file model.txt (compact mmCIF, C-alpha atoms)
# COMPACT_ATOMS: atom_id res chain seq x y z
CA MET A 2 -20.58 -9.24 9.58
CA ARG A 3 -22.02 -12.01 7.44
CA LYS A 4 -18.75 -12.16 5.54
CA ALA A 5 -16.82 -12.37 8.78
CA VAL A 6 -18.92 -15.23 10.06
CA GLY A 7 -18.52 -16.98 6.71
CA LEU A 8 -14.79 -16.45 6.82
CA PHE A 9 -14.72 -17.79 10.34
CA LEU A 10 -16.50 -20.95 9.23
CA ALA A 11 -14.26 -21.27 6.19
CA THR A 12 -11.08 -21.04 8.26
CA LEU A 13 -12.63 -23.55 10.61
CA LEU A 14 -13.18 -26.03 7.77
CA VAL A 15 -9.92 -25.40 5.96
CA GLY A 16 -7.93 -25.92 9.10
CA VAL A 17 -9.51 -29.17 10.16
CA ALA A 18 -6.75 -31.31 8.75
CA LEU A 19 -4.14 -29.30 10.61
CA ALA A 20 -6.15 -29.22 13.83
CA GLN A 21 -6.65 -32.96 13.72
CA GLY A 22 -2.95 -33.60 13.23
CA GLN A 23 -2.10 -31.44 16.29
CA VAL A 24 0.68 -29.65 14.41
CA ASP A 25 2.17 -26.71 16.27
CA PRO A 26 0.90 -23.72 14.24
CA ARG A 27 4.12 -21.78 14.77
CA GLU A 28 6.27 -24.65 13.51
CA GLU A 29 3.90 -25.02 10.56
CA ALA A 30 4.24 -21.31 9.73
CA LYS A 31 8.03 -21.65 9.75
CA ARG A 32 7.78 -24.62 7.39
CA GLN A 33 5.44 -22.76 5.02
CA LYS A 34 7.75 -19.76 5.03
CA GLN A 35 10.72 -21.96 4.11
CA LEU A 36 8.72 -23.65 1.33
CA LEU A 37 7.69 -20.29 -0.08
CA LEU A 38 11.25 -19.01 0.07
CA GLU A 39 12.54 -22.10 -1.76
CA THR A 40 9.91 -21.99 -4.51
CA ALA A 41 9.54 -18.23 -5.06
CA GLY A 42 13.01 -17.11 -3.99
CA ILE A 43 11.52 -14.18 -2.08
CA LEU A 44 8.94 -13.79 0.67
CA PRO A 45 5.74 -11.77 0.29
CA THR A 46 6.80 -9.82 3.38
CA GLU A 47 10.02 -8.74 1.65
CA LEU A 48 8.09 -7.60 -1.42
CA ILE A 49 5.73 -5.50 0.67
CA VAL A 50 8.57 -4.02 2.70
CA ALA A 51 10.27 -3.00 -0.57
CA GLN A 52 7.01 -1.49 -1.79
CA GLY A 53 6.67 0.36 1.52
CA GLU A 54 10.20 1.73 1.22
CA GLU A 55 9.38 3.11 -2.21
CA LEU A 56 6.24 4.77 -0.88
CA PHE A 57 8.19 6.13 2.09
CA ASN A 58 10.59 7.87 -0.27
CA ARG A 59 7.89 9.10 -2.62
CA LYS A 60 7.33 12.85 -2.63
CA GLY A 61 3.86 14.01 -1.65
CA PRO A 62 2.00 17.07 -3.03
CA SER A 63 4.07 19.25 -0.66
CA GLY A 64 7.27 17.94 -2.23
CA LYS A 65 8.30 16.15 0.97
CA THR A 66 9.03 12.47 1.51
CA MET A 67 8.13 10.64 4.70
CA ALA A 68 11.69 11.14 5.92
CA GLU A 69 10.47 14.58 7.01
CA CYS A 70 8.17 12.96 9.55
CA ASP A 71 8.79 12.18 13.20
CA PHE A 72 7.74 8.68 14.21
CA GLY A 73 8.61 9.32 17.83
CA LEU A 74 12.40 9.27 17.85
CA GLY A 75 13.00 12.34 15.72
CA LYS A 76 12.66 13.29 12.06
CA GLY A 77 13.29 10.36 9.75
CA VAL A 78 14.54 8.06 12.55
CA LEU A 79 13.04 4.64 11.93
CA GLU A 80 15.39 2.31 13.79
CA GLY A 81 13.39 0.95 16.76
CA ALA A 82 10.62 3.54 16.33
CA ALA A 83 7.77 1.08 15.79
CA ALA A 84 8.69 -0.83 18.98
CA ARG A 85 7.90 2.33 20.96
CA LEU A 86 4.45 2.88 19.50
CA PRO A 87 1.68 3.69 20.29
CA ARG A 88 2.65 6.90 22.05
CA TYR A 89 1.46 10.43 22.63
CA PHE A 90 2.54 13.02 20.06
CA LEU A 91 2.68 16.70 20.98
CA ASP A 92 2.11 17.94 17.43
CA THR A 93 -1.24 16.19 17.06
CA ASN A 94 -2.08 16.20 20.78
CA ARG A 95 -3.12 12.56 20.68
CA VAL A 96 -1.88 9.01 21.04
CA GLU A 97 -0.99 7.44 17.71
CA ASP A 98 0.07 3.97 16.61
CA LEU A 99 2.15 3.21 13.55
CA ASP A 100 -0.84 3.22 11.18
CA SER A 101 -2.29 6.50 12.36
CA ARG A 102 1.12 8.17 12.55
CA ILE A 103 1.66 7.23 8.89
CA VAL A 104 -1.68 8.83 8.01
CA THR A 105 -0.70 11.93 10.01
CA CYS A 106 2.59 12.10 8.11
CA MET A 107 0.92 11.72 4.72
CA THR A 108 -1.76 14.32 5.41
CA ARG A 109 0.01 16.91 7.57
CA VAL A 110 3.53 16.77 6.17
CA GLN A 111 3.25 15.34 2.67
CA GLY A 112 0.09 17.24 1.84
CA PHE A 113 -2.16 14.38 0.77
CA LYS A 114 -5.90 14.86 1.27
CA PRO A 115 -7.37 12.35 3.75
CA GLU A 116 -9.39 10.69 0.98
CA GLN A 117 -6.20 10.17 -1.04
CA VAL A 118 -4.67 7.97 1.66
CA LYS A 119 -5.00 4.37 0.49
CA ARG A 120 -5.17 1.70 3.16
CA SER A 121 -2.95 -0.66 1.14
CA GLU A 122 -0.25 2.01 1.04
CA VAL A 123 -0.47 2.65 4.78
CA VAL A 124 -0.04 -1.09 5.40
CA ALA A 125 2.96 -1.34 3.07
CA ILE A 126 4.63 1.65 4.74
CA ALA A 127 3.83 0.13 8.16
CA PHE A 128 5.55 -3.08 7.03
CA TYR A 129 8.62 -1.09 6.00
CA ILE A 130 8.85 1.00 9.18
CA ALA A 131 8.16 -2.01 11.39
CA SER A 132 10.94 -3.95 9.66
CA LYS A 133 13.37 -1.45 11.24
CA SER A 134 12.36 -2.69 14.71
CA THR A 135 13.19 -6.36 14.30
CA GLY A 136 15.31 -7.38 17.28
CA HIS A 137 14.19 -4.41 19.37
CA ARG A 138 12.31 -4.65 22.66
CA ILE A 139 8.78 -3.34 23.03
CA GLN A 140 9.03 -0.17 25.06
CA VAL A 141 5.71 1.53 25.50
CA ARG A 142 5.14 4.02 28.29
CA LEU A 143 2.19 5.52 30.10
CA LEU A 144 3.66 8.94 30.72
CA PHE A 145 1.13 11.46 29.46
CA PRO A 146 -2.43 11.65 30.81
CA GLU A 147 -3.65 10.95 27.26
CA GLU A 148 -1.71 7.67 27.29
CA ARG A 149 -3.02 6.67 30.70
CA GLU A 150 -6.59 7.46 29.78
CA LEU A 151 -6.42 5.54 26.52
CA TYR A 152 -4.85 2.60 28.37
CA ALA A 153 -7.75 2.62 30.83
CA LEU A 154 -10.20 2.49 27.92
CA GLY A 155 -8.23 -0.34 26.30
CA GLU A 156 -8.29 -2.35 29.51
CA LYS A 157 -12.02 -1.76 29.84
CA LEU A 158 -12.69 -2.83 26.27
CA PHE A 159 -10.45 -5.88 26.60
CA TYR A 160 -12.44 -7.24 29.53
CA ALA A 161 -15.85 -5.99 28.35
CA ARG A 162 -18.53 -8.55 27.56
CA SER A 163 -21.04 -7.20 25.12
CA GLY A 164 -23.21 -7.94 22.13
CA ALA A 165 -25.48 -10.84 21.30
CA ARG A 166 -22.63 -13.34 21.84
CA ASP A 167 -21.90 -12.07 25.37
CA VAL A 168 -18.17 -12.25 24.74
CA GLY A 169 -15.13 -10.02 24.76
CA CYS A 170 -11.40 -10.31 24.08
CA ALA A 171 -10.53 -11.66 27.53
CA THR A 172 -13.15 -14.41 27.43
CA CYS A 173 -11.05 -16.37 24.95
CA HIS A 174 -7.61 -14.78 25.25
CA VAL A 175 -7.39 -15.01 29.06
CA THR A 176 -9.97 -17.46 30.38
CA TYR A 177 -9.78 -20.04 27.59
CA VAL A 178 -6.16 -19.71 26.47
CA GLY A 179 -4.98 -22.86 24.67
CA ARG A 180 -8.46 -24.10 23.74
CA ARG A 181 -9.71 -23.58 20.23
CA ALA A 182 -12.87 -22.42 18.49
CA GLY A 183 -11.30 -22.52 15.05
CA VAL A 184 -8.06 -23.85 13.71
CA LEU A 185 -5.62 -22.33 16.13
CA PRO A 186 -5.56 -22.42 19.91
CA TYR A 187 -6.34 -19.06 21.51
CA ALA A 188 -3.17 -17.10 22.08
CA ASP A 189 -2.20 -15.89 25.52
CA VAL A 190 -2.03 -12.33 24.19
CA LEU A 191 -1.13 -10.66 27.50
CA GLY A 192 1.18 -13.46 28.61
CA LYS A 193 3.66 -15.81 27.06
CA ASP A 194 2.57 -15.49 23.43
CA LYS A 195 3.47 -11.78 23.30
CA SER A 196 0.99 -11.35 20.49
CA TRP A 197 1.73 -7.65 20.12
CA THR A 198 5.02 -8.67 18.49
CA HIS A 199 3.22 -10.82 15.86
CA TRP A 200 1.83 -7.88 13.89
CA PRO A 201 2.14 -6.41 11.31
CA ALA A 202 2.28 -9.71 9.50
CA TYR A 203 1.67 -11.61 6.31
CA ARG A 204 -0.93 -14.39 6.74
CA TYR A 205 -0.06 -17.07 4.26
CA SER A 206 -3.33 -19.03 4.67
CA ASN A 207 -5.41 -16.09 3.42
CA ASP A 208 -2.76 -14.12 1.52
CA GLN A 209 -3.44 -11.08 3.70
CA THR A 210 -1.19 -8.26 4.78
CA TRP A 211 -2.44 -7.04 8.12
CA THR A 212 -1.43 -4.68 10.85
CA MET A 213 -2.73 -5.07 14.41
CA GLN A 214 -5.57 -2.72 13.47
CA ASP A 215 -6.86 -5.25 10.93
CA ARG A 216 -6.28 -8.08 13.40
CA ILE A 217 -8.35 -6.44 16.14
CA ARG A 218 -11.17 -5.69 13.70
CA ALA A 219 -11.15 -9.33 12.60
CA CYS A 220 -11.43 -10.44 16.24
CA TYR A 221 -14.62 -8.44 16.62
CA GLY A 222 -15.87 -9.80 13.29
CA ASN A 223 -15.29 -13.37 14.45
CA ILE A 224 -17.53 -12.86 17.47
CA ALA A 225 -20.22 -11.21 15.29
CA HIS A 226 -19.65 -7.88 17.02
CA PRO A 227 -19.77 -4.63 14.99
CA GLN A 228 -16.17 -3.69 14.20
CA PRO A 229 -14.56 -0.47 15.42
CA ALA A 230 -13.55 1.81 12.53
CA LEU A 231 -9.95 1.82 11.30
CA TYR A 232 -7.73 4.36 13.10
CA SER A 233 -10.43 4.83 15.76
CA GLN A 234 -9.91 5.37 19.48
CA PRO A 235 -11.18 1.93 20.56
CA ILE A 236 -8.57 0.24 18.33
CA LEU A 237 -5.79 2.53 19.55
CA ALA A 238 -6.87 1.92 23.13
CA LEU A 239 -6.72 -1.86 22.74
CA GLU A 240 -3.35 -1.59 20.99
CA LEU A 241 -1.88 0.51 23.78
CA PHE A 242 -3.20 -1.96 26.35
CA LEU A 243 -1.75 -4.95 24.47
CA ALA A 244 1.58 -3.28 23.74
CA TYR A 245 2.08 -2.10 27.32
CA ASN A 246 1.37 -5.59 28.62
CA ASN A 247 3.99 -6.99 26.23
CA ASN A 248 6.63 -4.46 27.29
CA GLY A 249 10.13 -5.93 27.23
CA ALA A 250 9.28 -8.59 24.67
CA VAL A 251 11.78 -8.82 21.82
CA VAL A 252 10.42 -8.45 18.30
CA GLU A 253 11.52 -11.66 16.65
CA GLU A 254 10.67 -10.50 13.16
CA TRP A 255 8.62 -7.59 11.81
CA PRO A 256 6.72 -7.98 9.60
CA ALA A 257 5.93 -11.43 10.88
CA PHE A 258 4.89 -14.44 8.85
CA VAL A 259 1.85 -16.15 10.37
CA ARG A 260 -0.81 -18.63 9.48
CA MET B 22 -11.86 18.22 64.02
CA ARG B 23 -15.11 16.63 62.97
CA ARG B 24 -16.06 19.64 60.90
CA LYS B 25 -12.68 19.48 59.19
CA ALA B 26 -13.17 15.81 58.38
CA VAL B 27 -16.61 16.49 56.93
CA LEU B 28 -15.21 19.34 54.88
CA ALA B 29 -12.38 17.16 53.60
CA PHE B 30 -14.87 14.47 52.69
CA GLY B 31 -17.00 17.01 50.85
CA VAL B 32 -14.04 18.26 48.88
CA LEU B 33 -13.12 14.68 48.06
CA LEU B 34 -16.63 13.95 46.80
CA LEU B 35 -16.64 17.13 44.75
CA GLY B 36 -13.27 16.15 43.28
CA LEU B 37 -14.50 12.69 42.44
CA GLY B 38 -17.65 14.11 40.87
CA LEU B 39 -15.66 16.54 38.78
CA SER B 40 -13.12 14.00 37.62
CA GLN B 41 -15.53 11.09 37.09
CA GLY B 42 -18.07 13.05 35.04
CA PRO B 43 -15.81 14.34 32.28
CA PHE B 44 -13.76 11.14 32.31
CA ARG B 45 -16.87 9.09 31.68
CA ALA B 46 -17.94 11.49 28.96
CA ARG B 47 -14.52 11.29 27.33
CA LEU B 48 -14.59 7.49 27.56
CA GLU B 49 -17.95 7.38 25.84
CA ALA B 50 -16.79 9.83 23.19
CA ALA B 51 -13.77 7.61 22.54
CA ILE B 52 -16.02 4.57 22.14
CA GLN B 53 -18.25 6.58 19.78
CA GLY B 54 -15.11 7.06 17.69
CA GLY B 55 -15.34 3.38 16.78
CA GLY B 56 -18.47 4.09 14.77
CA PRO B 57 -22.20 4.14 15.58
CA ARG B 58 -22.80 0.39 15.39
CA PHE B 59 -19.75 -0.47 17.48
CA ALA B 60 -20.65 2.16 20.06
CA GLN B 61 -24.28 1.13 20.17
CA VAL B 62 -23.37 -2.44 21.14
CA MET B 63 -20.53 -1.44 23.49
CA LEU B 64 -22.58 1.16 25.34
CA SER B 65 -25.71 -0.95 25.76
CA GLN B 66 -24.39 -3.73 27.96
CA ASP B 67 -27.16 -5.22 30.07
CA LYS B 68 -26.80 -5.47 33.84
CA ALA B 69 -25.37 -8.99 33.72
CA GLN B 70 -22.79 -8.13 31.05
CA ALA B 71 -21.78 -5.08 33.05
CA LEU B 72 -21.29 -7.22 36.18
CA CYS B 73 -19.23 -9.83 34.32
CA THR B 74 -17.13 -7.00 32.88
CA GLN B 75 -16.67 -5.34 36.25
CA TYR B 76 -15.61 -8.54 38.03
CA ARG B 77 -13.76 -10.03 35.04
CA ASP B 78 -15.99 -13.11 34.95
CA ARG B 79 -15.45 -13.90 38.64
CA LEU B 80 -18.62 -12.77 40.29
CA PRO B 81 -18.32 -12.39 44.10
CA ALA B 82 -20.17 -15.22 45.87
CA ASP B 83 -22.69 -12.91 47.53
CA LEU B 84 -23.88 -11.63 44.14
CA VAL B 85 -24.34 -15.10 42.63
CA PRO B 86 -27.82 -16.08 43.94
CA LYS B 87 -29.50 -12.87 42.72
CA PHE B 88 -27.64 -13.06 39.41
CA LEU B 89 -28.83 -16.63 38.78
CA GLU B 90 -32.37 -15.75 39.81
CA GLU B 91 -32.51 -12.79 37.44
CA GLN B 92 -31.13 -14.85 34.57
CA LYS B 93 -33.58 -17.67 35.23
CA ALA B 94 -36.42 -15.14 34.99
CA LEU B 95 -35.33 -14.29 31.42
CA ILE B 96 -36.03 -17.81 30.15
CA LYS B 97 -39.07 -18.09 27.89
CA TYR B 98 -40.73 -21.39 26.97
CA PRO B 99 -42.60 -22.57 23.86
CA ALA B 100 -46.34 -21.82 23.90
CA SER B 101 -46.99 -25.55 23.47
CA GLY B 102 -45.09 -26.31 26.67
CA LYS B 103 -43.12 -28.99 24.82
CA LEU B 104 -39.42 -28.66 25.64
CA MET B 105 -38.35 -31.32 23.13
CA GLY B 106 -38.99 -30.60 19.45
CA ASP B 107 -37.69 -31.82 16.11
CA TRP B 108 -34.06 -32.98 16.18
CA ARG B 109 -33.67 -32.50 12.42
CA ASN B 110 -34.40 -28.80 12.70
CA GLY B 111 -32.34 -28.74 15.87
CA GLU B 112 -29.35 -29.94 13.88
CA LYS B 113 -29.78 -27.01 11.48
CA VAL B 114 -29.89 -24.50 14.33
CA PHE B 115 -26.97 -26.23 16.07
CA THR B 116 -24.81 -25.95 12.94
CA ASP B 117 -25.87 -22.49 11.68
CA PRO B 118 -23.09 -19.99 12.57
CA LYS B 119 -25.69 -17.24 12.90
CA ARG B 120 -27.96 -19.14 15.28
CA GLY B 121 -26.56 -21.89 17.50
CA ASN B 122 -23.02 -21.90 16.11
CA CYS B 123 -22.48 -24.71 18.62
CA TYR B 124 -19.67 -26.47 16.74
CA ALA B 125 -17.50 -23.41 17.35
CA CYS B 126 -17.04 -24.74 20.89
CA HIS B 127 -18.53 -28.23 21.17
CA ALA B 128 -18.08 -31.61 19.54
CA GLY B 129 -21.42 -33.10 18.46
CA ASP B 130 -22.06 -35.46 15.55
CA PRO B 131 -18.85 -37.57 15.51
CA LYS B 132 -18.77 -37.15 11.70
CA GLU B 133 -18.34 -33.40 12.16
CA VAL B 134 -14.62 -32.88 12.70
CA ALA B 135 -14.59 -29.08 12.42
CA HIS B 136 -15.43 -28.40 16.04
CA GLY B 137 -13.89 -26.28 18.76
CA THR B 138 -12.74 -27.41 22.19
CA MET B 139 -13.94 -24.48 24.25
CA GLY B 140 -16.86 -26.40 25.73
CA PRO B 141 -17.33 -30.06 26.69
CA SER B 142 -18.06 -32.65 24.00
CA LEU B 143 -21.76 -33.25 23.47
CA THR B 144 -21.32 -36.53 21.61
CA GLY B 145 -23.52 -39.14 23.31
CA TYR B 146 -25.31 -36.47 25.38
CA GLY B 147 -28.51 -38.55 25.12
CA GLN B 148 -27.13 -41.10 27.60
CA ARG B 149 -28.68 -38.93 30.28
CA GLY B 150 -32.13 -40.17 29.25
CA GLN B 151 -35.24 -38.07 28.77
CA SER B 152 -36.53 -37.53 32.30
CA GLU B 153 -38.38 -34.27 32.94
CA ALA B 154 -35.40 -32.95 34.94
CA VAL B 155 -32.88 -33.69 32.18
CA VAL B 156 -35.07 -32.16 29.47
CA ARG B 157 -35.76 -29.04 31.54
CA TYR B 158 -32.09 -28.55 32.52
CA THR B 159 -30.98 -29.01 28.90
CA TYR B 160 -33.60 -26.54 27.67
CA GLU B 161 -32.78 -23.87 30.23
CA LYS B 162 -29.02 -24.27 29.89
CA ILE B 163 -29.23 -23.80 26.12
CA TYR B 164 -31.64 -20.88 26.36
CA ASN B 165 -29.67 -19.05 29.04
CA ALA B 166 -26.37 -20.55 30.16
CA TRP B 167 -25.84 -17.72 32.65
CA ALA B 168 -28.82 -18.99 34.69
CA PHE B 169 -26.45 -21.80 35.75
CA VAL B 170 -22.90 -20.48 35.47
CA PRO B 171 -22.55 -16.69 35.82
CA CYS B 172 -20.37 -15.12 33.12
CA SER B 173 -19.60 -18.45 31.45
CA LEU B 174 -18.30 -18.31 27.89
CA MET B 175 -21.50 -19.93 26.56
CA TYR B 176 -23.59 -17.07 25.30
CA ARG B 177 -27.26 -16.58 26.10
CA GLY B 178 -28.59 -17.45 22.66
CA GLY B 179 -32.22 -17.61 23.72
CA VAL B 180 -32.11 -14.36 25.67
CA HIS B 181 -30.55 -12.53 22.73
CA GLY B 182 -33.02 -14.04 20.27
CA LEU B 183 -30.40 -15.93 18.26
CA PHE B 184 -32.91 -18.80 18.40
CA THR B 185 -36.58 -18.92 19.47
CA PRO B 186 -38.05 -21.01 22.33
CA GLU B 187 -39.29 -23.49 19.69
CA GLU B 188 -35.82 -23.71 18.15
CA THR B 189 -34.39 -24.20 21.64
CA ALA B 190 -36.71 -27.20 22.02
CA ASP B 191 -35.42 -28.48 18.67
CA LEU B 192 -31.86 -28.16 19.96
CA VAL B 193 -32.86 -30.15 23.05
CA ALA B 194 -34.18 -32.89 20.76
CA PHE B 195 -30.94 -32.86 18.76
CA LEU B 196 -29.07 -33.53 22.01
CA LEU B 197 -31.45 -36.06 23.55
CA ASP B 198 -33.23 -37.95 20.74
CA PRO B 199 -31.74 -41.46 20.34
CA ASN B 200 -32.04 -41.05 16.54
CA SER B 201 -30.02 -37.84 16.47
CA PRO B 202 -26.52 -38.26 14.99
CA ILE B 203 -25.18 -37.04 18.36
CA ASN B 204 -26.42 -40.27 19.94
CA ARG B 205 -26.29 -42.78 17.08
CA ARG B 206 -23.40 -45.19 17.03
call {"tool": "encode", "arguments": {"input": "model.txt", "output": "structure tokens"}}
result
Amino acid sequence: MRKAVGLFLATLLVGVALAQGQVDPREEAKRQKQLLLETAGILPTELIVAQGEELFNRKGPSGKTMAECDFGLGKGVLEGAAARLPRYFLDTNRVEDLDSRIVTCMTRVQGFKPEQVKRSEVVAIAFYIASKSTGHRIQVRLLFPEERELYALGEKLFYARSGARDVGCATCHVTYVGRRAGVLPYADVLGKDKSWTHWPAYRYSNDQTWTMQDRIRACYGNIAHPQPALYSQPILALELFLAYNNNGAVVEEWPAFVR
Amino acid sequence: MRRKAVLAFGVLLLGLGLSQGPFRARLEAAIQGGGPRFAQVMLSQDKAQALCTQYRDRLPADLVPKFLEEQKALIKYPASGKLMGDWRNGEKVFTDPKRGNCYACHAGDPKEVAHGTMGPSLTGYGQRGQSEAVVRYTYEKIYNAWAFVPCSLMYRGGVHGLFTPEETADLVAFLLDPNSPINRR
């Protein structure tokens, strides 16, 4: 928590110059991406996607690669799969997003023990699988009761005001859209910004590779609220809520390249 | 006819009871999945937070007077009765991300450029003078913003103990003292 508050302050200070100059953060990200491409010849996102592909094709203790796993569209089908997540899976009897489905694949199909699953590997694989959904439309459904119930929880959490700072997601991302507390103006996550399509992403300002799970945890950290655990129901619930509200949005580029 | 209606109503109530109970339990279990600290904060909303959540920050007009009254009752004052303290300490509390964290939303000292735009600028706030009414309003607003605007973004720092009544008085001084950088030209 202390670290998160510190980080928040640091980003605040680092970004002052940018905030003062009123540069559009999205235009600035495009410029940084171009600069990086010209100097390094390759983008960090491409490196991580390549790393994820390698991990995807690595054999687990059971001798199987991840191609044996179903990410929602059938065994080994990756094209457009991430754009349809989170969704309910019959084999696990629960709603899973890309991150948790990767963990399910590694543990149930590839035979890894839960403690052997490294977060950095899950993120790299998520980058790879997500890259196969660039250009696809978000298509998330509320078909199964499990999906509807998780959506209801996500909606509740999104509008909930709690903790010593009396805030919640909607306070900034609905009521105060466009204003800023740090460097960037608050995104209209349910509306025009279609924030669900911005993650997973590489954040060049902090050299971080994040999925939406990390992003949601950071949001809670920024408001000095205890963070929900990775892969936990509250995170999945918020993801389903966000994704469903961005249905129909086209994924411009996954993994994205953001500030 | 009447008996039928009563029976139907009873069945409806039973149905609601059956579906609400387990649903609520499942909801709480799902929140517990986020971890004990997350769940503890999420599941211990106070009455005001629960109302703001329920009505998505737009409290119905008929609930406003009682809401404001209850929030006003939560305000505590320094034992000394002095609502204006030391502006130098006020500046520390104002800036500290763990206490006031005020720059996250407000402009203050014009030299401080790393400020948010969520709330109004406080630069030159001292122009209002130091009448009893101004000092009292400033104190109470800082201590508990929801005693004035239900469900506003400004959190209730005094109520949650992020700063003490004495520190609230120091914040008041930081805003009102002519020597404070907020008011110096």
call {"tool": "interface_residues", "arguments": {"input": "model.txt", "of": "chain B", "to": "chain A", "cutoff": "8 Å", "atoms": "all atoms listed in the file", "output": "number ranges by chain"}}
result
B: 48, 51-52, 54-56, 58-59, 62-63, 65-66, 70-71, 73-75, 77, 118-119, 125-126, 134-139, 174-178, 181, 183
call {"tool": "write_last_selection", "arguments": {"input": "model.txt", "atoms": "C-alpha atoms", "output": "CSV table (one decimal), in the coordinates of the input"}}
result
chain,number,residue,atom,x,y,z
B,48,LEU,CA,-14.6,7.5,27.6
B,51,ALA,CA,-13.8,7.6,22.5
B,52,ILE,CA,-16.0,4.6,22.1
B,54,GLY,CA,-15.1,7.1,17.7
B,55,GLY,CA,-15.3,3.4,16.8
B,56,GLY,CA,-18.5,4.1,14.8
B,58,ARG,CA,-22.8,0.4,15.4
B,59,PHE,CA,-19.8,-0.5,17.5
B,62,VAL,CA,-23.4,-2.4,21.1
B,63,MET,CA,-20.5,-1.4,23.5
B,65,SER,CA,-25.7,-1.0,25.8
B,66,GLN,CA,-24.4,-3.7,28.0
B,70,GLN,CA,-22.8,-8.1,31.0
B,71,ALA,CA,-21.8,-5.1,33.0
B,73,CYS,CA,-19.2,-9.8,34.3
B,74,THR,CA,-17.1,-7.0,32.9
B,75,GLN,CA,-16.7,-5.3,36.2
B,77,ARG,CA,-13.8,-10.0,35.0
B,118,PRO,CA,-23.1,-20.0,12.6
B,119,LYS,CA,-25.7,-17.2,12.9
B,125,ALA,CA,-17.5,-23.4,17.4
B,126,CYS,CA,-17.0,-24.7,20.9
B,134,VAL,CA,-14.6,-32.9,12.7
B,135,ALA,CA,-14.6,-29.1,12.4
B,136,HIS,CA,-15.4,-28.4,16.0
B,137,GLY,CA,-13.9,-26.3,18.8
B,138,THR,CA,-12.7,-27.4,22.2
B,139,MET,CA,-13.9,-24.5,24.2
B,174,LEU,CA,-18.3,-18.3,27.9
B,175,MET,CA,-21.5,-19.9,26.6
B,176,TYR,CA,-23.6,-17.1,25.3
B,177,ARG,CA,-27.3,-16.6,26.1
B,178,GLY,CA,-28.6,-17.4,22.7
B,181,HIS,CA,-30.6,-12.5,22.7
B,183,LEU,CA,-30.4,-15.9,18.3
call {"tool": "residues_around", "arguments": {"input": "model.txt", "residues": "Leu243 in chain A", "least_positions_apart": "2", "cutoff": "10 Å", "atoms": "all atoms listed in the file", "output": "JSON, numbers by chain"}}
result
{"A": [141, 152, 155, 156, 159, 190, 191, 192, 195, 196, 197, 198, 237, 238, 239, 240, 241, 245, 246, 247, 248]}
call {"tool": "atom_distance", "arguments": {"input": "model.txt", "atom1": "CA of Phe184 in chain B", "atom2": "CA of Phe115 in chain B"}}
result
9.8 Å
call {"tool": "closest_residue", "arguments": {"input": "model.txt", "among": "B:Thr116, B:Thr144, B:Asn110, B:Gln151", "to": "Ala190 in chain B", "atoms": "only C-alpha atoms"}}
result
B:Asn110
call {"tool": "axis_aligned_box", "arguments": {"input": "model.txt", "around": "range 56-74 of chain A", "padding_each_side": "5 Å", "output": "lines of an AutoDock Vina configuration file"}}
result
center_x = 7.2
center_y = 12.0
center_z = 7.4
size_x = 20.4
size_y = 24.5
size_z = 30.9
call {"tool": "closest_residue", "arguments": {"input": "model.txt", "among": "B:Pro141, B:Pro43, B:Glu187, B:Thr159", "to": "Gly111 in chain B", "atoms": "all atoms listed in the file"}}
result
B:Glu187
call {"tool": "atom_distance", "arguments": {"input": "model.txt", "atom1": "CA of Asp189 in chain A", "atom2": "CA of Arg216 in chain A"}}
result
15.0 Å
call {"tool": "closest_residue", "arguments": {"input": "model.txt", "among": "A:Cys170, A:Val96, A:Ala84, A:Val118", "to": "Glu254 in chain A", "atoms": "all atoms listed in the file"}}
result
A:Ala84
call {"tool": "residues_around", "arguments": {"input": "model.txt", "residues": "Lys103 in chain B", "least_positions_apart": "5", "cutoff": "10 Å", "atoms": "all atoms listed in the file", "output": "JSON, numbers by chain"}}
result
{"B": [98, 156, 157, 186, 187, 190, 191]}
call {"tool": "residues_near_point", "arguments": {"input": "model.txt", "point": "(-23.3, -37.6, 22.0)", "cutoff": "12 Å", "atoms": "all atoms listed in the file", "output": "ChimeraX atom specification"}}
result
/B:127-133,141-150,194-206
call {"tool": "residues_around", "arguments": {"input": "model.txt", "residues": "Leu48 in chain A", "least_positions_apart": "4", "cutoff": "10 Å", "atoms": "all atoms listed in the file", "output": "PyMOL selection string"}}
result
chain A and resi 43-44+52-54+125+128-129
call {"tool": "write_last_selection", "arguments": {"input": "model.txt", "atoms": "C-alpha atoms", "output": "PDB file, in the frame of the given file"}}
result
ATOM      1  CA  ILE A  43      11.520 -14.180  -2.080  1.00  0.00           C
ATOM      2  CA  LEU A  44       8.940 -13.790   0.670  1.00  0.00           C
ATOM      3  CA  GLN A  52       7.010  -1.490  -1.790  1.00  0.00           C
ATOM      4  CA  GLY A  53       6.670   0.360   1.520  1.00  0.00           C
ATOM      5  CA  GLU A  54      10.200   1.730   1.220  1.00  0.00           C
ATOM      6  CA  ALA A 125       2.960  -1.340   3.070  1.00  0.00           C
ATOM      7  CA  PHE A 128       5.550  -3.080   7.030  1.00  0.00           C
ATOM      8  CA  TYR A 129       8.620  -1.090   6.000  1.00  0.00           C
TER       9      TYR A 129
END
call {"tool": "closest_residue", "arguments": {"input": "model.txt", "among": "A:Glu116, A:Glu122, A:Asp25, A:Glu148", "to": "Asp98 in chain A", "atoms": "all atoms listed in the file"}}
result
A:Glu148
call {"tool": "residues_around", "arguments": {"input": "model.txt", "residues": "Trp167 in chain B", "least_positions_apart": "6", "cutoff": "10 Å", "atoms": "only C-alpha atoms", "output": "list of chain:residue names"}}
result
B:Ala69, B:Phe88, B:Leu89, B:Glu90, B:Glu91, B:Gln92, B:Lys93, B:Glu161, B:Ser173, B:Leu174, B:Met175, B:Tyr176, B:Arg177, B:Val180
